[in-house]
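Peer 1: After the structure tokens below, expect a handful of questions from me.
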Amino acid sequence: MTAAGTAFEVAVHEEAALGEGPTWDPATDRLLWLDILNSRVHTYDPATGRRTLRRTDQHVGAVKPRAGGGLVLNLRDGIGLLDPDGTFRWLHREPVPGRRGNDAAVAPDGSLWAGTMRYDEARGGGTLTRYTGDGTAETVLDDVTVSNGTGWSPDGTLMYYADTPTRRVDVFDVTADGRVANRRPLAGIEDGAGFPDGLCVDAEGCVWVALWDGGAVRRYTPSGDLDRVITLPVPRVTACAFGGPDLTDLYLTTARVGLPAPHPLAGSLLVVPGAGRGVAQPVFAG
């Protein structure tokens, strides 16, 4: 294992309450990210430094590009679509009192795998659901507490997933029809090291995991061995994604919610230049 210290830069200095969901949009060469609790969707162009901000009517847990342009949003009451002209419409609306959307990811087949959680984080109160482009919903997991990081191996044969309170990153086999089976642990996070939050998979098939209350992002090999740790001064690291034109820069979102004396960078978007090499992410087929 190698420790990379604090070789990071500040991409966007921000006081996001719950920064989350970094996603590189290859169509615009911009990074998408969000502040869940302030209902804000941010974009950042690393070439120019230009930023945009859009407010949503509900808490937003994830935002991903769509194949035809625009965005798909994992909101409090379901899955919404934002068209390129700014028009909003629901793809699948299913409000559940006390529950909101959380992290989400797009599978190799273009389906959206969107997680939910209860605001009070009640055990088993969340789900992981697969949505196709026409809005068809299929519950994949129905006994989830805080549905978080989801990602696929470069060859699409494995899916990785974190239900945060379990302190594990699990791995599934992907079946021929794009479903998952044979859930098993890939890696566990030891006591005192934080909790697994968002994750991404690099071109070598290694899994990068952001650690909430761990002040770090870790890389695990496909066999589950810990081989790299990047430490950060911000305790609540929420998610990670590779971005930039060559997908070699690792972007990290952070949070300040619940911290009595937040670090000055808590809530900012950070970046580790040249951390590795990511893989191009699919866009939602809807």
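Chain identifiers are assigned as A, B, and so on, following the order in which chains appear in the structure tokens; residues are numbered from 1 within each chain, and ligands are numbered from 1 in order of appearance.
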Which residues are near Ile189 in chain A? Cut-off 8 Å, only C-alpha atoms, ignore same chain within fewer than 6 positions. Put them as a count of residues only.

Peer 2: 4

Peer 1: Please return, as JSON, numbers by chain, all residues of range 19-115 of chain A that DSSP assigns to strand (DSSP E) on the basis of the backbone.

Peer 2: {"A": [19, 20, 21, 22, 23, 24, 25, 30, 31, 32, 33, 34, 35, 40, 41, 42, 43, 44, 51, 52, 53, 54, 55, 60, 61, 62, 63, 64, 65, 71, 72, 73, 74, 75, 78, 79, 80, 81, 82, 88, 89, 90, 91, 92, 93, 99, 100, 101, 102, 103, 104, 105, 106, 112, 113, 114, 115]}

Peer 1: For a test of reading the model, state the distance in Å between CA of Thr166 in chain A and CA of Leu259 in chain A, rounded to one decimal.

Peer 2: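 Taking CA of Thr166 in chain A as the start and CA of Leu259 in chain A as the end point, the length is 22.0 Å.
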
Peer 1: Measuring between only C-alpha atoms, which one of A:Pro222, A:Pro233, A:Gly156, A:Pro165 shows the shortest distance to Ala187 in chain A?

Peer 2: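 Checking each candidate against Ala187 in chain A, we get A:Pro222 as the closest.
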
Peer 1: Near Asp109 in chain A, within 10 Å and counting only C-alpha atoms, which residues show up once chain neighbours fewer than 4 positions away are dropped, as number ranges by chain?

Peer 2: A: 132, 156, 177-178, 282-285

Peer 1: Taking into account only C-alpha atoms, which residue in the set A:Ala47, A:Leu31, A:Leu71, A:Ala203 is nearest to Thr87 in chain A?

Peer 2: A:Leu71

Peer 1: With only C-alpha atoms as the basis for distance, which of A:Leu265, A:Ala7, A:Leu37, A:Leu53 is at the shortest distance from Val217 in chain A?

Peer 2: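 Counting only C-alpha atoms, the residue closest to Val217 in chain A is A:Ala7.
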
Peer 1: Counting only C-alpha atoms, what is within 9 Å of Arg40 in chain A, bar same-chain residues fewer than 5 positions away, as number ranges by chain?

Peer 2: A: 33-35, 53-56, 59-60

Peer 1: Quick one: everything within 10 Å of Asp83 in chain A, counting only C-alpha atoms, minus sequence neighbours fewer than 6 positions away in the same chain. Send it as a short mmCIF file (atom, residue, chain, number, x, y, z; two decimals) with N, CA, C and O atoms, in the first residue's frame.

Peer 2:
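Output file result-v6.cif is given in full below:
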```cif
data_model
loop_
_atom_site.label_atom_id
_atom_site.label_comp_id
_atom_site.auth_asym_id
_atom_site.auth_seq_id
_atom_site.Cartn_x
_atom_site.Cartn_y
_atom_site.Cartn_z
N ARG A 66 -27.68 12.81 -19.85
CA ARG A 66 -28.58 11.96 -20.64
C ARG A 66 -28.06 11.84 -22.07
O ARG A 66 -27.41 12.76 -22.58
N GLY A 68 -29.60 12.07 -24.89
CA GLY A 68 -30.11 13.07 -25.80
C GLY A 68 -29.88 14.50 -25.36
O GLY A 68 -30.45 15.43 -25.93
N GLY A 69 -29.03 14.66 -24.36
CA GLY A 69 -28.80 15.99 -23.81
C GLY A 69 -29.64 16.21 -22.57
O GLY A 69 -30.65 15.53 -22.35
N GLY A 70 -29.25 17.15 -21.74
CA GLY A 70 -29.96 17.39 -20.50
C GLY A 70 -29.45 16.47 -19.39
O GLY A 70 -28.42 15.81 -19.53
N LEU A 71 -30.21 16.42 -18.30
CA LEU A 71 -29.78 15.71 -17.11
C LEU A 71 -30.91 14.85 -16.56
O LEU A 71 -32.08 15.14 -16.75
N VAL A 72 -30.51 13.79 -15.85
CA VAL A 72 -31.44 13.00 -15.07
C VAL A 72 -31.09 13.24 -13.60
O VAL A 72 -29.92 13.27 -13.23
N ARG A 89 -39.48 17.55 -16.15
CA ARG A 89 -40.61 16.62 -16.11
C ARG A 89 -40.19 15.40 -15.30
O ARG A 89 -39.01 15.08 -15.18
#
```

Peer 1: Just want the 8 Å neighbourhood of Glu14 in chain A, counted on only C-alpha atoms, with same-chain residues fewer than 4 positions away dropped. Output as a PDB file with N, CA, C and O atoms, in the first residue's frame.

Peer 2:
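This went into selection.pdb:
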```pdb
ATOM      1  N   LEU A 265     -12.004  24.102   4.240  1.00  0.00           N
ATOM      2  CA  LEU A 265     -12.278  23.510   2.927  1.00  0.00           C
ATOM      3  C   LEU A 265     -13.478  22.568   2.932  1.00  0.00           C
ATOM      4  O   LEU A 265     -13.828  22.024   1.885  1.00  0.00           O
ATOM      5  N   ALA A 266     -14.085  22.372   4.085  1.00  0.00           N
ATOM      6  CA  ALA A 266     -15.249  21.489   4.139  1.00  0.00           C
ATOM      7  C   ALA A 266     -16.356  22.038   3.248  1.00  0.00           C
ATOM      8  O   ALA A 266     -16.727  23.203   3.346  1.00  0.00           O
ATOM      9  N   GLY A 267     -16.874  21.200   2.361  1.00  0.00           N
ATOM     10  CA  GLY A 267     -17.889  21.612   1.400  1.00  0.00           C
ATOM     11  C   GLY A 267     -17.338  21.992   0.048  1.00  0.00           C
ATOM     12  O   GLY A 267     -18.111  22.247  -0.887  1.00  0.00           O
ATOM     13  N   SER A 268     -16.010  22.014  -0.090  1.00  0.00           N
ATOM     14  CA  SER A 268     -15.387  22.384  -1.365  1.00  0.00           C
ATOM     15  C   SER A 268     -15.248  21.179  -2.287  1.00  0.00           C
ATOM     16  O   SER A 268     -15.303  20.017  -1.861  1.00  0.00           O
ATOM     17  N   LEU A 269     -15.050  21.469  -3.571  1.00  0.00           N
ATOM     18  CA  LEU A 269     -14.713  20.461  -4.566  1.00  0.00           C
ATOM     19  C   LEU A 269     -13.198  20.415  -4.681  1.00  0.00           C
ATOM     20  O   LEU A 269     -12.561  21.425  -5.007  1.00  0.00           O
TER      21      LEU A 269
END
```

Peer 1: Between A:Asp29, A:Asp170, A:Asp143, A:Glu190, which is the closest to Gly126 in chain A once you count only C-alpha atoms?

Peer 2: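 For Gly126 in chain A, the nearest of the candidates is A:Asp143.
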
Peer 1: Could you please determine the separation between CA of Pro26 in chain A and CA of Leu91 in chain A in Å, to one decimal place?

Peer 2: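 Interatomic distance here is 23.2 Å.
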
Peer 1: Find the residues around Asp163 in chain A up to 9 Å (only C-alpha atoms counted), leave out those fewer than 5 positions away in its own chain, and share them as a PyMOL selection string.

Peer 2: chain A and resi 144-149+168-170+196-197

Peer 1: What would the file look like if the residues just selected were written as an mmCIF file, in the first residue's frame with C-alpha atoms?

Peer 2:
```
data_model
loop_
_atom_site.group_PDB
_atom_site.id
_atom_site.type_symbol
_atom_site.label_atom_id
_atom_site.label_comp_id
_atom_site.auth_asym_id
_atom_site.auth_seq_id
_atom_site.Cartn_x
_atom_site.Cartn_y
_atom_site.Cartn_z
ATOM 1 C CA VAL A 144 -30.834 -0.663 2.393
ATOM 2 C CA THR A 145 -30.069 1.953 5.035
ATOM 3 C CA VAL A 146 -27.934 4.596 3.266
ATOM 4 C CA SER A 147 -27.605 3.660 -0.406
ATOM 5 C CA ASN A 148 -24.332 5.082 -1.673
ATOM 6 C CA GLY A 149 -21.499 4.359 -4.092
ATOM 7 C CA ARG A 168 -18.331 -2.646 3.531
ATOM 8 C CA VAL A 169 -17.891 -2.338 -0.184
ATOM 9 C CA ASP A 170 -19.689 -5.284 -1.760
ATOM 10 C CA PRO A 196 -17.705 4.073 2.752
ATOM 11 C CA ASP A 197 -19.574 6.743 0.809
#
```

Peer 1: A:Pro22, A:Ala255, A:Tyr161, A:Gly286: which is nearest Leu112 in chain A, counting only C-alpha atoms?

Peer 2: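 Of A:Pro22, A:Ala255, A:Tyr161, A:Gly286, the one nearest Leu112 in chain A, counting only C-alpha atoms, is A:Gly286.
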
Peer 1: Using only C-alpha atoms, find the one residue out of A:Trp152, A:Trp24, A:Tyr131, A:Trp212 that sits nearest to Val234 in chain A.

Peer 2: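 Comparing A:Trp152, A:Trp24, A:Tyr131, A:Trp212 against Val234 in chain A, the winner is A:Trp212.
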
Peer 1: Rounded to one decimal, what separation in Å do you get between CA of Leu232 in chain A and CA of Thr23 in chain A?

Peer 2: 20.1 Å
